[in-house]
Amino acid sequence: MRVETDEGLVGWGECFAYGVPLAVCNVVDEGLAPLVTGHDPTQIGYLLQRMHQALMIWGRRGLGMFAVSGVELALWDLAGKARGLPVYDLLGGLCQPRVRAYASLLRYANPDDVARVAARAVARGATAVKLHQIDLPSIAAAREAVGPDVELMVDTNCPWTVEEAIRMGRRLERFDLRWLEEPVWPPEDYAGLARVRSAIRTPIACGENDATVFGFKAILEAGAADVVQPSVTKVGGLSEMTKIATLAAAANVTLAPHSYYFGPGLAATLHLIAATPGVPYVEFPPGELAAPLLMAPIRCVDGFVGVPDAPGLGADPDPAVLARYPYKRDAARPFYLT
């Protein structure tokens with residue numbers, strides 16, 4: 001997501017667009033660009049209000065909000081560059097110059113692979129590891145591989161009914177999980193999540209698929225979560241994230257943003273965490289991209305991630321990588337990457 005001013009400044013953002021990039025790009029190009037073109041890009045609140053009101057009929061979560069998020073992040077990047085300041089200074093100033101990371105693993109086919117990858121993450125410095133398994137043998141193998149002192153989280157991606165989630169949650173208690181994430185389908189069943197939360201000892205985390213402060217207000221009012229996980233590329237951007245951070249603090253609920261990204265979305269999350277007291281971790285993907293997206297790739301070293309301190313988000317893409325991997329549409333297939 002690129003936004004350019006008439007003075008030549010360029011701001012970069014990131015929209016969540018998993019599986020449907022052209023749809024999100026069309027929302028940006030046809031729905032949002034006409035609303036922001038010609039306006040002062042530092043008037044982020046004003047431009048956000050225009051975008052939110054215009055997209056109301058499309059829904060307040062999903063593709064429309066993904067698009068708003070990307071444009072909003074690019075505006076913050078521009079605002080920081082225009083003032084010569086990193087975005088964390090615009091959000092209130094630096095609380096922590098580096099952030100503890102938890103290694104967020106993929107989902108693997110068998111317990112041996114889970115154990116191997118989890119152990120490797122710890123060997124590289126991780127003190128917390130998140131699995132995406134939904135079977136007991138894999139979670140047991142991971143706990144044995146990392147030992148009792150490493151924090152272990154499990155993100156199940158909404159697979160179970162409330163009753164199934166309670167049964168599984170009770171069976172998982174012996175693994176001393178830091179949290180059990182999104183155990184209930186559908187994810188907006190906050191009353192069901194609250195039932196699970198009251199029935200098991202493991203903390204419940206949720207929210208990566210929600211949007212706006214109002215979605216998180218509903219989660220907290222339902223008593224559905226011990227940990228809330230807004231995603232900056234889905235929720236409406238940094239402005240909405242700061243509102244959710246305040247709401248979570250007032251409810252004494254932990255904020256642990258979803259940030260399974262490599263580009264401006266990850267950088268924006270780091271700036272938010274750096275300027276927000278009490279956020280314990282940043283989610284960090286395993287491994288590295290074969291072709292790093294950013295001019296200055298964000299790396300995890302000994303279990304911590306440094307916060308970019310260049311003006312703006314500090315997450316400008318590498319033009320050579322963008323040129324090498326253009327996104328194209330093919331007549332034979334709806335979408336493909338080259």
# chains A, B, ... in the order shown; residues from 1 in each chain; ligands from 1
call {"tool": "residues_around", "arguments": {"residues": "Ile204 (chain A)", "least_positions_apart": "3", "cutoff": "8 Å", "atoms": "only C-alpha atoms", "output": "list in words"}}
result
Trp179, Leu180, Glu181, Glu182, Leu193, Arg197, Ala224, Ala225, Asp226 and Val227 of chain A
call {"tool": "write_last_selection", "arguments": {"atoms": "N, CA and C atoms", "output": "compact mmCIF listing (two decimals), in the first residue's frame"}}
result
# COMPACT_ATOMS: atom_id res chain seq x y z
N TRP A 179 -1.92 -19.32 27.06
CA TRP A 179 -3.30 -19.07 26.69
C TRP A 179 -3.77 -20.07 25.64
N LEU A 180 -5.08 -20.20 25.54
CA LEU A 180 -5.75 -20.98 24.49
C LEU A 180 -6.47 -19.98 23.62
N GLU A 181 -6.12 -19.96 22.33
CA GLU A 181 -6.56 -18.89 21.44
C GLU A 181 -7.65 -19.36 20.49
N GLU A 182 -8.71 -18.59 20.42
CA GLU A 182 -9.83 -18.80 19.48
C GLU A 182 -10.27 -20.26 19.40
N LEU A 193 -17.49 -18.10 24.06
CA LEU A 193 -16.12 -17.98 24.57
C LEU A 193 -16.13 -17.73 26.08
N ARG A 197 -14.28 -19.85 28.90
CA ARG A 197 -13.36 -19.19 29.85
C ARG A 197 -13.72 -19.51 31.30
N ALA A 224 -15.31 -12.46 27.65
CA ALA A 224 -14.90 -13.55 26.77
C ALA A 224 -13.41 -13.77 26.71
N ALA A 225 -12.59 -12.86 27.26
CA ALA A 225 -11.14 -12.97 27.02
C ALA A 225 -10.32 -12.49 28.20
N ASP A 226 -9.21 -13.18 28.41
CA ASP A 226 -8.16 -12.70 29.31
C ASP A 226 -7.10 -11.92 28.53
N VAL A 227 -7.01 -12.21 27.24
CA VAL A 227 -6.02 -11.60 26.35
C VAL A 227 -6.74 -11.19 25.07
call {"tool": "residues_around", "arguments": {"residues": "Lys243 (chain A)", "least_positions_apart": "3", "cutoff": "12 Å", "atoms": "only C-alpha atoms", "output": "PyMOL selection string"}}
result
chain A and resi 91+211-217+230+232+235-240+246-250+255+272+276
call {"tool": "write_last_selection", "arguments": {"atoms": "C-alpha atoms", "output": "tab-separated table (two decimals), in the first residue's frame"}}
result
chain	number	residue	atom	x	y	z
A	91	LEU	CA	1.85	7.72	19.70
A	211	ALA	CA	-12.44	-4.99	13.95
A	212	THR	CA	-12.91	-1.55	15.52
A	213	VAL	CA	-12.98	-0.65	19.18
A	214	PHE	CA	-16.66	-1.58	19.27
A	215	GLY	CA	-15.87	-5.21	18.45
A	216	PHE	CA	-13.45	-5.36	21.37
A	217	LYS	CA	-15.87	-3.56	23.65
A	230	PRO	CA	-6.27	-6.90	17.62
A	232	VAL	CA	-3.36	-3.71	12.94
A	235	VAL	CA	-8.86	-3.75	12.88
A	236	GLY	CA	-8.79	-0.31	11.27
A	237	GLY	CA	-5.15	0.69	11.76
A	238	LEU	CA	-3.09	2.25	14.52
A	239	SER	CA	-5.74	4.76	15.58
A	240	GLU	CA	-8.17	1.96	16.36
A	246	THR	CA	-6.98	1.98	26.40
A	247	LEU	CA	-10.10	-0.18	26.63
A	248	ALA	CA	-8.04	-3.26	27.53
A	249	ALA	CA	-6.08	-1.37	30.17
A	250	ALA	CA	-9.29	-0.12	31.77
A	255	LEU	CA	-3.13	-6.70	25.07
A	272	LEU	CA	2.31	0.56	19.06
A	276	THR	CA	2.10	1.30	25.10
call {"tool": "select_by_dssp", "arguments": {"residues": "region 88-214 of chain A", "states": "helix (DSSP H, G or I)", "output": "ChimeraX atom specification"}}
result
/A:88-90,111-123,136-146,162-175,190-199,212-214
call {"tool": "select_by_dssp", "arguments": {"residues": "region 64-277 of chain A", "states": "strand (DSSP E)", "output": "mmCIF file with N, CA and C atoms, in the first residue's frame"}}
result
data_model
loop_
_atom_site.group_PDB
_atom_site.id
_atom_site.type_symbol
_atom_site.label_atom_id
_atom_site.label_comp_id
_atom_site.auth_asym_id
_atom_site.auth_seq_id
_atom_site.Cartn_x
_atom_site.Cartn_y
_atom_site.Cartn_z
ATOM 1 N N ARG A 98 13.042 -2.338 22.653
ATOM 2 C CA ARG A 98 12.972 -3.658 22.040
ATOM 3 C C ARG A 98 11.876 -4.438 22.735
ATOM 4 N N VAL A 99 11.327 -5.402 22.022
ATOM 5 C CA VAL A 99 10.132 -6.095 22.481
ATOM 6 C C VAL A 99 10.410 -7.595 22.509
ATOM 7 N N ARG A 100 9.995 -8.232 23.591
ATOM 8 C CA ARG A 100 10.104 -9.682 23.674
ATOM 9 C C ARG A 100 9.198 -10.319 22.641
ATOM 10 N N ALA A 101 9.734 -11.286 21.915
ATOM 11 C CA ALA A 101 8.973 -11.953 20.863
ATOM 12 C C ALA A 101 8.534 -13.342 21.307
ATOM 13 N N TYR A 102 7.355 -13.746 20.839
ATOM 14 C CA TYR A 102 7.056 -15.176 20.911
ATOM 15 C C TYR A 102 7.070 -15.730 19.491
ATOM 16 N N ALA A 103 7.662 -16.889 19.344
ATOM 17 C CA ALA A 103 7.769 -17.535 18.040
ATOM 18 C C ALA A 103 6.426 -18.155 17.691
ATOM 19 N N SER A 104 5.828 -17.679 16.623
ATOM 20 C CA SER A 104 4.510 -18.153 16.200
ATOM 21 C C SER A 104 4.695 -19.152 15.064
ATOM 22 N N ALA A 128 9.141 -17.923 24.494
ATOM 23 C CA ALA A 128 7.717 -18.213 24.386
ATOM 24 C C ALA A 128 7.454 -18.702 22.965
ATOM 25 N N VAL A 129 6.602 -19.711 22.846
ATOM 26 C CA VAL A 129 6.335 -20.350 21.552
ATOM 27 C C VAL A 129 4.834 -20.554 21.410
ATOM 28 N N LYS A 130 4.296 -20.180 20.244
ATOM 29 C CA LYS A 130 2.878 -20.436 19.985
ATOM 30 C C LYS A 130 2.721 -21.505 18.916
ATOM 31 N N LEU A 131 1.907 -22.498 19.239
ATOM 32 C CA LEU A 131 1.571 -23.569 18.308
ATOM 33 C C LEU A 131 0.257 -23.249 17.606
ATOM 34 N N GLU A 151 7.192 -20.404 27.913
ATOM 35 C CA GLU A 151 5.752 -20.182 27.794
ATOM 36 C C GLU A 151 5.260 -20.793 26.480
ATOM 37 N N LEU A 152 4.169 -21.519 26.583
ATOM 38 C CA LEU A 152 3.610 -22.211 25.418
ATOM 39 C C LEU A 152 2.163 -21.758 25.231
ATOM 40 N N MET A 153 1.860 -21.243 24.038
ATOM 41 C CA MET A 153 0.504 -20.847 23.682
ATOM 42 C C MET A 153 -0.014 -21.776 22.598
ATOM 43 N N VAL A 154 -1.336 -21.882 22.486
ATOM 44 C CA VAL A 154 -1.944 -22.691 21.426
ATOM 45 C C VAL A 154 -3.049 -21.867 20.762
ATOM 46 N N ASP A 155 -2.887 -21.647 19.455
ATOM 47 C CA ASP A 155 -3.903 -20.975 18.642
ATOM 48 C C ASP A 155 -4.583 -22.040 17.798
ATOM 49 N N TRP A 179 -1.920 -19.315 27.061
ATOM 50 C CA TRP A 179 -3.304 -19.068 26.689
ATOM 51 C C TRP A 179 -3.765 -20.073 25.637
ATOM 52 N N LEU A 180 -5.084 -20.202 25.537
ATOM 53 C CA LEU A 180 -5.745 -20.979 24.494
ATOM 54 C C LEU A 180 -6.472 -19.977 23.617
ATOM 55 N N GLU A 181 -6.123 -19.961 22.331
ATOM 56 C CA GLU A 181 -6.564 -18.888 21.441
ATOM 57 C C GLU A 181 -7.650 -19.364 20.487
ATOM 58 N N ILE A 204 -8.029 -17.402 28.113
ATOM 59 C CA ILE A 204 -8.562 -17.387 26.750
ATOM 60 C C ILE A 204 -8.098 -16.117 26.041
ATOM 61 N N ALA A 205 -7.634 -16.290 24.794
ATOM 62 C CA ALA A 205 -7.224 -15.168 23.953
ATOM 63 C C ALA A 205 -8.084 -15.153 22.695
ATOM 64 N N CYS A 206 -8.363 -13.946 22.189
ATOM 65 C CA CYS A 206 -9.157 -13.843 20.972
ATOM 66 C C CYS A 206 -9.059 -12.427 20.411
ATOM 67 N N VAL A 227 -7.007 -12.210 27.235
ATOM 68 C CA VAL A 227 -6.017 -11.597 26.352
ATOM 69 C C VAL A 227 -6.737 -11.187 25.071
ATOM 70 N N VAL A 228 -6.589 -9.918 24.652
ATOM 71 C CA VAL A 228 -7.184 -9.471 23.392
ATOM 72 C C VAL A 228 -6.073 -9.248 22.379
ATOM 73 N N THR A 254 -5.015 -8.253 29.225
ATOM 74 C CA THR A 254 -3.736 -8.155 28.523
ATOM 75 C C THR A 254 -3.945 -7.890 27.036
ATOM 76 N N LEU A 255 -3.151 -6.968 26.504
ATOM 77 C CA LEU A 255 -3.127 -6.695 25.070
ATOM 78 C C LEU A 255 -1.907 -7.396 24.474
#
call {"tool": "closest_residue", "arguments": {"among": "A:Ala33, A:Cys15, A:Leu105, A:Cys300", "to": "Gly62 (chain A)", "atoms": "only C-alpha atoms"}}
result
A:Cys15
call {"tool": "residues_around", "arguments": {"residues": "Gly38 (chain A)", "least_positions_apart": "4", "cutoff": "12 Å", "atoms": "only C-alpha atoms", "output": "list in words"}}
result
Val3, Glu4, Thr5, Asp6, Ala33, Pro34, Thr42, Gln43 and Leu47 of chain A
call {"tool": "atom_distance", "arguments": {"atom1": "CA of Val10 (chain A)", "atom2": "CA of Arg50 (chain A)"}}
result
21.1 Å
call {"tool": "residues_around", "arguments": {"residues": "Ile273 (chain A)", "least_positions_apart": "6", "cutoff": "10 Å", "atoms": "only C-alpha atoms", "output": "list in words"}}
result
Tyr88, Leu91, Leu94, Cys95, Gln96, Pro97, Arg98, Val99, Thr242, Ala245, Leu255, Ala256, Pro257, Ala267, Val279, Pro280, Tyr281, Val282 and Val307 of chain A
call {"tool": "residues_around", "arguments": {"residues": "Asn110 (chain A)", "least_positions_apart": "4", "cutoff": "12 Å", "atoms": "only C-alpha atoms", "output": "count of residues only"}}
result
16
call {"tool": "closest_residue", "arguments": {"among": "A:Phe66, A:Trp58, A:Trp12, A:Tyr18", "to": "Ala79 (chain A)", "atoms": "only C-alpha atoms"}}
result
A:Trp12
call {"tool": "closest_residue", "arguments": {"among": "A:Arg195, A:Arg201, A:His258, A:Arg124", "to": "Leu172 (chain A)", "atoms": "only C-alpha atoms"}}
result
A:Arg201
call {"tool": "closest_residue", "arguments": {"among": "A:Val68, A:Ala194, A:Val122, A:Val162", "to": "Ala17 (chain A)", "atoms": "only C-alpha atoms"}}
result
A:Val68
call {"tool": "closest_residue", "arguments": {"among": "A:Thr233, A:Glu173, A:Phe304, A:Leu63", "to": "Leu22 (chain A)", "atoms": "only C-alpha atoms"}}
result
A:Leu63
call {"tool": "residues_around", "arguments": {"residues": "Arg170 (chain A)", "least_positions_apart": "4", "cutoff": "12 Å", "atoms": "only C-alpha atoms", "output": "list in words"}}
result
Leu136, Glu163, Glu164, Ala165, Ile166, Arg174, Phe175, Asp176, Leu177, Leu180, Val196, Arg197, Ser198, Ala199, Ile200, Arg201, Thr202 and Pro203 of chain A
call {"tool": "atom_distance", "arguments": {"atom1": "CA of Pro183 (chain A)", "atom2": "CA of Cys158 (chain A)"}}
result
4.8 Å
